[in-house]
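Visitor: What follows is a single structure, and I will ask about it in a moment.
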Amino acid sequence: MSKRVVVTGLGCVTPLGRTLNESWRNLLSSKNGLTPITSLPDYEKEYKPREKSIPSTITVGKIPEDFHDKESAISKLLFTGQDERRTSSFIKLAVRTTYEALQHAGLLRPNEININTSLCNLDHFGCLIGSGIGSIQDIYQTSLQFHNDNKKVNPYFVPKILTNMAAGNVSIKFNLKGLSHSVSTACATGNNSIGDAFNFIRLGMQDICVAGASETSLHPLSLAGFIRAKSITTNGISRPFDTERSGFVLGEGCGMLVMESLEHAQRRKANIICEIVGYGLSSDACHITSPPADGNGAKRAIEMALKMAHLKPSDVDYVNAHATSTLLGDKAECLAITSALLPGRPESKPLYISSNKGAIGHLLGAAGAVESVFTICSLRDDMIPHTLNLKNILHLENDESDRLYFVRDKPIEKANPKYALCNSFGFGGINTSLLFKKWEKI
Amino acid sequence: MFKSICKISSRMAPSACRTMLARPVMANSILAQRFYSANLSQDQISQRVIDVIKAFDKNSPSIANKQISSDTQFHKDLGLDSLDTVELLVAIEEEFDIEIPDKVADDLRSVGETVNYIASNPDAN
């Protein structure tokens, strides 16, 4: 019999804040986390000379600058000089966000990085952290120096760029000796990390895990690439589901969950935040960057998650959509949601839907991790965040968009959602859907 | 030479570079060596190697609080692993404007061995 899996700790850093509390508060109060590239400190040097490839009108979702302050107390606690030399920014984000999540889960004493081993066995403590791209900054810089200056390659080059080095460094820092795992499934990475951790715990292979994803790929080269792939909006506004949406805004950040079996959480008297009850995946098998117009791949992922949880489509109250603000993607997802979740739904039961990407942009690999954290907060606080910048709702040919409750202008309070889905889809046609259940004290 | 130390230090911590500049006595003596002596003495080399090491990781207690001498070993005394040693030797190469062949670099385990190698290298300046 498979084990029940609960979430007991959360952490994130986003363009809206350095911590979960700051990010969540700013998300609910309609703060915009996006910055015009013209106000970036390195704009004149790095971006302006490449204006042909990167129009000056675009925006990016950058995390607060002082997050990286090496002199801050938290940096000094978490990073030695050696760490500073041999880690790159996506790794450091992962270490710091894991620290927040472990603290939130009550596993650390204040200002310590050693896990309290009376609460858990570190041999069964897994670490699953992915990244979509890894350290593009180091790849770019090293390539230039190697090619142009024939310079010796830095011995830390490889350990800085590999996408699994976030999981590797977090395991070392917190002495997590269970499995070390890292998926890289483009923009579905975060959901896959959490979903895989869910399965490992369900199967009894791990008692407890940290799971999430980290991404810091804001770089002129990645921006130019996404612009050429017709993915990024050149007007700087992320407006998921809006008729005027024209592409996503690239962001950076990290989200992390502490997940454990219900019995493990109860044994250590942990504060349970929610339960994970379903995980679905599918492949479009259609196109490298575009979904099928009817969203049938996303539909099958949602259905798999429902089936695992033994739920009816009408049981789902809220969908934290992937909705990146692209023309095809948002529409295909809405069609997937209507066909997967509306059948059999009473008129009286609304299906709330919103996307966090209006406010934070698209965090690529970290998107699913951060948005899962926000989805869990929605259940915890009975507060469904709205989609920023959504004015005119897109129209679906099947006329069912009227039956979806697009949350806009302000959050919905006291809707008492019990089941919430978090979708993430990625280049390569991967679709993932996680199903969370509000925690009700037994 | 100054450039290389500053470059290393600014990568580690922004304040290190300023600290170096705030030591005019040392700066003058180095300039003097540069202009008036192509052949460096063991002591001069040793002092500059130690400066590079100090700038390499000024936050590490095993380096900052250590009295570094020619007997000091990179791994045993300074806590540097093989990757750190490779990176440190790159900094030393930049400092003395030389290239240490990988075969030689693999055998340099202490400050003294490194100083001896630099002294034997006619390109070092």
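For the structure tokens, the naming scheme is as follows: chains receive sequential letters (A, B, ...) according to their order of presentation, residues are indexed from 1 within each chain, and ligands are indexed from 1 in presentation order.
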Would you list which chain A residues are within 10 Å of chain B using only C-alpha atoms, as a list in words?

Guide: Lys70, Glu71, Lys76, Thr80, Gly81, Gln82, Glu84, Arg85, Arg86, Lys151, Lys152, Val153, Asn154, Pro155 and Tyr156 of chain A

Visitor: Filtering to C-alpha atoms, could you give me those residues as a compact mmCIF listing (two decimals), in the first residue's frame?

Guide:
# COMPACT_ATOMS: atom_id res chain seq x y z
CA LYS A 70 27.94 38.28 0.23
CA GLU A 71 28.28 40.29 3.42
CA LYS A 76 27.95 34.25 5.73
CA THR A 80 32.22 29.79 2.77
CA GLY A 81 34.84 31.40 0.54
CA GLN A 82 35.23 28.01 -1.08
CA GLU A 84 31.64 31.34 -3.35
CA ARG A 85 34.39 30.19 -5.70
CA ARG A 86 32.90 26.93 -6.81
CA LYS A 151 42.84 30.91 -21.45
CA LYS A 152 43.10 27.92 -19.16
CA VAL A 153 39.66 26.68 -18.17
CA ASN A 154 38.68 27.24 -14.56
CA PRO A 155 38.66 23.92 -12.66
CA TYR A 156 35.26 24.85 -11.24

Visitor: What lies within 9 Å of Ser135 (chain A) using only C-alpha atoms, ignoring chain neighbours under 2 positions off, as a list in words?

Guide: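 What passes the distance filter is Ser88, Ser89, Phe90, Ile91, Ile133, Gln137, Asp138, Ile139, Tyr140, Lys160, Ile161, Leu162, Thr163, Glu215, Thr216 and Ser217 of chain A.
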
Visitor: Please, could you write that set of residues out with N, CA and C atoms as a compact mmCIF listing (two decimals), in the first residue's frame?

Guide:
# COMPACT_ATOMS: atom_id res chain seq x y z
N SER A 88 27.70 28.46 -8.74
CA SER A 88 27.14 29.52 -9.58
C SER A 88 25.80 29.95 -8.99
N SER A 89 25.19 30.95 -9.61
CA SER A 89 24.04 31.58 -8.93
C SER A 89 22.85 30.64 -8.77
N PHE A 90 22.57 29.77 -9.75
CA PHE A 90 21.38 28.91 -9.55
C PHE A 90 21.61 27.93 -8.40
N ILE A 91 22.87 27.57 -8.17
CA ILE A 91 23.18 26.67 -7.05
C ILE A 91 22.98 27.40 -5.72
N ILE A 133 18.29 25.20 -17.43
CA ILE A 133 19.44 25.52 -18.26
C ILE A 133 20.76 25.37 -17.50
N GLN A 137 25.63 31.70 -17.71
CA GLN A 137 26.63 32.76 -17.56
C GLN A 137 28.05 32.18 -17.63
N ASP A 138 28.27 31.08 -16.89
CA ASP A 138 29.61 30.47 -16.87
C ASP A 138 29.95 29.84 -18.20
N ILE A 139 28.96 29.25 -18.86
CA ILE A 139 29.22 28.63 -20.16
C ILE A 139 29.64 29.72 -21.16
N TYR A 140 28.93 30.82 -21.12
CA TYR A 140 29.19 31.93 -22.04
C TYR A 140 30.57 32.54 -21.81
N LYS A 160 30.25 24.03 -11.88
CA LYS A 160 29.37 25.20 -11.80
C LYS A 160 28.19 25.12 -12.76
N ILE A 161 28.39 24.42 -13.89
CA ILE A 161 27.35 24.49 -14.93
C ILE A 161 26.37 23.32 -14.94
N LEU A 162 26.77 22.16 -14.40
CA LEU A 162 25.88 20.99 -14.50
C LEU A 162 24.58 21.25 -13.77
N THR A 163 23.46 20.90 -14.39
CA THR A 163 22.17 21.21 -13.77
C THR A 163 21.96 20.45 -12.47
N GLU A 215 16.47 28.46 -11.08
CA GLU A 215 16.80 28.95 -12.42
C GLU A 215 17.30 30.39 -12.35
N THR A 216 18.46 30.63 -12.93
CA THR A 216 18.95 32.01 -13.03
C THR A 216 19.51 32.19 -14.43
N SER A 217 18.66 32.06 -15.41
CA SER A 217 19.14 32.11 -16.80
C SER A 217 18.87 33.45 -17.48

Visitor: Pick the closest to Gln67 (chain B) from B:Val104, B:Phe96, B:Val111, B:Asn125: which is it, counting only C-alpha atoms?

Guide: B:Val111

Visitor: Quick one: residues within 10 Å of Ser354 (chain A), only C-alpha atoms counted, chain neighbours fewer than 4 positions away excluded, as a PyMOL selection string?

Guide: chain A and resi 240-241+318-323+358+384-388+390+405-408+411

Visitor: Can I get the selected residues back with C-alpha atoms, as an mmCIF file, in the first residue's frame?

Guide:
data_model
loop_
_atom_site.group_PDB
_atom_site.id
_atom_site.type_symbol
_atom_site.label_atom_id
_atom_site.label_comp_id
_atom_site.auth_asym_id
_atom_site.auth_seq_id
_atom_site.Cartn_x
_atom_site.Cartn_y
_atom_site.Cartn_z
ATOM 1 C CA PRO A 240 -1.760 35.498 -19.270
ATOM 2 C CA PHE A 241 -5.219 34.704 -20.755
ATOM 3 C CA TYR A 318 -8.634 25.880 -8.472
ATOM 4 C CA VAL A 319 -6.085 25.595 -11.258
ATOM 5 C CA ASN A 320 -2.798 27.440 -10.926
ATOM 6 C CA ALA A 321 -2.219 27.450 -14.667
ATOM 7 C CA HIS A 322 1.049 27.282 -16.532
ATOM 8 C CA ALA A 323 -0.288 30.111 -18.770
ATOM 9 C CA GLY A 358 1.572 38.172 -14.901
ATOM 10 C CA ILE A 384 -6.666 32.507 -4.588
ATOM 11 C CA PRO A 385 -4.250 34.963 -6.212
ATOM 12 C CA HIS A 386 -5.360 36.862 -9.290
ATOM 13 C CA THR A 387 -3.688 37.075 -12.689
ATOM 14 C CA LEU A 388 -1.970 40.444 -12.978
ATOM 15 C CA LEU A 390 -5.616 40.348 -17.227
ATOM 16 C CA TYR A 405 -13.737 31.675 -13.343
ATOM 17 C CA PHE A 406 -10.657 33.707 -14.331
ATOM 18 C CA VAL A 407 -9.468 35.433 -11.170
ATOM 19 C CA ARG A 408 -8.427 38.994 -12.002
ATOM 20 C CA PRO A 411 -7.491 37.731 -5.011
#

Visitor: When you look at region 112-115 of chain B with a cut-off of 7 Å (counting only C-alpha atoms), what residues show up, excluding the ones that are within fewer than 2 positions of it in the same chain? I need them as a list in words.

Guide: Gln42, Ile45, Ser46, Ser70, Asp71, Leu108, Arg109, Ser110, Tyr117, Ile118 and Ala119 of chain B

Visitor: Write out the residues from the selection above, keeping C-alpha atoms, as a CSV table (one decimal), in the first residue's frame.

Guide:
chain,number,residue,atom,x,y,z
B,42,GLN,CA,63.4,33.9,-3.2
B,45,ILE,CA,58.8,35.6,-4.8
B,46,SER,CA,57.8,34.1,-1.5
B,70,SER,CA,57.6,28.0,2.7
B,71,ASP,CA,56.7,24.8,4.6
B,108,LEU,CA,53.5,21.5,-6.5
B,109,ARG,CA,52.0,20.9,-3.1
B,110,SER,CA,53.6,23.6,-0.9
B,117,TYR,CA,59.7,26.5,-9.4
B,118,ILE,CA,59.1,30.3,-10.0
B,119,ALA,CA,62.7,31.1,-9.2

Visitor: Would you list the contacts of Glu51 (chain A) as a list in words, taking every protein, DNA or RNA residue within 12 Å and counting only C-alpha atoms, but skipping same-chain residues closer than 4 positions in sequence?

Guide: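 These residues fall inside the cut-off: Ile37, Thr38, Tyr43, Glu44, Lys45, Glu46, Tyr47, Pro55, Ser56, Thr57, Ile58, Pro220, Leu221, Leu223, Ala224, Ile227 and Thr234 of chain A.
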
Visitor: State, in Å with one decimal place, the distance from CA of Leu421 (chain A) to CA of Leu434 (chain A).

Guide: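 Distance between the two atoms: 5.5 Å.
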
Visitor: Please compute the CA of Ser325 (chain A)-CA of Leu363 (chain A) distance, one decimal, in Å.

Guide: 12.8 Å

Visitor: In Å, how far is it from CA of Lys331 (chain A) to CA of Ser378 (chain A)?

Guide: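 Computing it gives 23.6 Å between the two atoms.
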
Visitor: Can you work out which one of A:Met256, A:Ile54, A:Ala94, A:Leu250 has the shortest atom-to-atom distance to Ala197 (chain A), counting only C-alpha atoms?

Guide: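 Ranked by minimum distance to Ala197 (chain A), first place goes to A:Met256.
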
Visitor: Determine the nearest neighbour of Gly9 (chain A) from the options A:Lys173, A:His147, A:His104, A:Arg25, counting only C-alpha atoms.

Guide: A:His104

Visitor: Name the residues of region 185-254 of chain A that come out as strand (DSSP E) in a backbone DSSP run; write them as a list in words.

Guide: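 Here is the list: Ile208, Cys209, Val210, Ala211, Gly212, Ala213, Ser214, Glu215, Gly253 and Cys254 of chain A.
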
Visitor: Within 12 Å of Glu440 (chain A), counting only C-alpha atoms, which residues show up once you throw out same-chain ones fewer than 6 positions away? Write them as a list in words, please.

Guide: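 Those residues are Val6, Asn271, Ile272, Ile273, Cys274, Glu275, Leu379, Arg380, Asn416, Pro417, Lys418 and Tyr419 of chain A.
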
Visitor: Pull the alpha helix (DSSP H) assignments for region 157-247 of chain A out of DSSP run on the backbone, and list those residues as a VMD selection string.

Guide: chain A and resid 157 to 161 165 to 174 189 to 202 220 to 228

Visitor: Store the residues of this selection in a file with N, CA and C atoms, as a compact mmCIF listing (two decimals), in the first residue's frame.

Guide:
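Done, and the output landed in out39.txt:
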# COMPACT_ATOMS: atom_id res chain seq x y z
N PHE A 157 34.69 25.07 -13.59
CA PHE A 157 33.76 25.28 -14.70
C PHE A 157 32.68 24.20 -14.75
N VAL A 158 33.08 22.95 -14.83
CA VAL A 158 32.09 21.87 -14.96
C VAL A 158 31.19 21.79 -13.72
N PRO A 159 31.76 21.79 -12.50
CA PRO A 159 30.86 21.73 -11.33
C PRO A 159 29.94 22.95 -11.19
N LYS A 160 30.25 24.03 -11.88
CA LYS A 160 29.37 25.20 -11.80
C LYS A 160 28.19 25.12 -12.76
N ILE A 161 28.39 24.42 -13.89
CA ILE A 161 27.35 24.49 -14.93
C ILE A 161 26.37 23.32 -14.94
N MET A 165 24.04 20.09 -10.12
CA MET A 165 24.92 20.54 -9.04
C MET A 165 24.18 21.34 -7.96
N ALA A 166 22.96 21.77 -8.25
CA ALA A 166 22.16 22.37 -7.18
C ALA A 166 21.84 21.28 -6.16
N ALA A 167 21.35 20.14 -6.66
CA ALA A 167 21.05 19.02 -5.75
C ALA A 167 22.33 18.55 -5.06
N GLY A 168 23.43 18.49 -5.81
CA GLY A 168 24.70 18.03 -5.22
C GLY A 168 25.16 18.92 -4.09
N ASN A 169 25.15 20.23 -4.31
CA ASN A 169 25.61 21.16 -3.28
C ASN A 169 24.68 21.24 -2.09
N VAL A 170 23.37 21.16 -2.35
CA VAL A 170 22.42 21.18 -1.22
C VAL A 170 22.62 19.93 -0.35
N SER A 171 22.82 18.78 -0.99
CA SER A 171 23.05 17.54 -0.22
C SER A 171 24.28 17.68 0.66
N ILE A 172 25.34 18.27 0.10
CA ILE A 172 26.58 18.42 0.86
C ILE A 172 26.36 19.40 2.02
N LYS A 173 25.72 20.54 1.69
CA LYS A 173 25.56 21.59 2.70
C LYS A 173 24.74 21.11 3.91
N PHE A 174 23.66 20.35 3.64
CA PHE A 174 22.77 19.96 4.74
C PHE A 174 22.92 18.47 5.10
N THR A 189 10.39 21.39 -15.21
CA THR A 189 11.37 20.84 -14.27
C THR A 189 10.87 20.83 -12.82
N GLY A 190 10.37 21.95 -12.35
CA GLY A 190 9.95 22.06 -10.94
C GLY A 190 8.85 21.06 -10.61
N ASN A 191 7.84 20.96 -11.46
CA ASN A 191 6.76 20.01 -11.21
C ASN A 191 7.27 18.58 -11.23
N ASN A 192 8.19 18.29 -12.13
CA ASN A 192 8.74 16.94 -12.19
C ASN A 192 9.53 16.60 -10.93
N SER A 193 10.30 17.56 -10.41
CA SER A 193 11.05 17.30 -9.17
C SER A 193 10.09 16.94 -8.04
N ILE A 194 9.04 17.76 -7.90
CA ILE A 194 8.09 17.54 -6.81
C ILE A 194 7.33 16.23 -7.03
N GLY A 195 6.91 16.00 -8.28
CA GLY A 195 6.17 14.78 -8.59
C GLY A 195 7.01 13.53 -8.37
N ASP A 196 8.28 13.61 -8.73
CA ASP A 196 9.15 12.45 -8.54
C ASP A 196 9.40 12.19 -7.05
N ALA A 197 9.58 13.28 -6.29
CA ALA A 197 9.74 13.12 -4.84
C ALA A 197 8.49 12.48 -4.25
N PHE A 198 7.34 12.93 -4.71
CA PHE A 198 6.05 12.36 -4.28
C PHE A 198 6.05 10.84 -4.50
N ASN A 199 6.48 10.42 -5.67
CA ASN A 199 6.49 8.98 -5.97
C ASN A 199 7.50 8.23 -5.11
N PHE A 200 8.70 8.79 -4.93
CA PHE A 200 9.70 8.10 -4.11
C PHE A 200 9.19 7.90 -2.68
N ILE A 201 8.49 8.91 -2.17
CA ILE A 201 7.99 8.80 -0.80
C ILE A 201 6.80 7.84 -0.75
N ARG A 202 5.93 7.94 -1.73
CA ARG A 202 4.77 7.03 -1.82
C ARG A 202 5.21 5.57 -1.80
N PRO A 220 21.85 37.89 -21.68
CA PRO A 220 21.57 38.36 -23.04
C PRO A 220 21.44 37.22 -24.05
N LEU A 221 22.27 36.18 -23.89
CA LEU A 221 22.22 35.08 -24.86
C LEU A 221 20.90 34.30 -24.77
N SER A 222 20.46 33.98 -23.55
CA SER A 222 19.21 33.22 -23.44
C SER A 222 18.03 34.08 -23.88
N LEU A 223 18.07 35.37 -23.53
CA LEU A 223 16.99 36.25 -23.97
C LEU A 223 16.93 36.30 -25.50
N ALA A 224 18.09 36.47 -26.12
CA ALA A 224 18.12 36.54 -27.58
C ALA A 224 17.58 35.25 -28.18
N GLY A 225 17.92 34.12 -27.56
CA GLY A 225 17.46 32.83 -28.06
C GLY A 225 15.95 32.68 -27.96
N PHE A 226 15.40 33.06 -26.81
CA PHE A 226 13.95 32.95 -26.64
C PHE A 226 13.21 33.94 -27.55
N ILE A 227 13.83 35.08 -27.77
CA ILE A 227 13.20 36.06 -28.68
C ILE A 227 13.15 35.47 -30.09
N ARG A 228 14.27 34.83 -30.51
CA ARG A 228 14.30 34.23 -31.84
C ARG A 228 13.31 33.06 -31.95
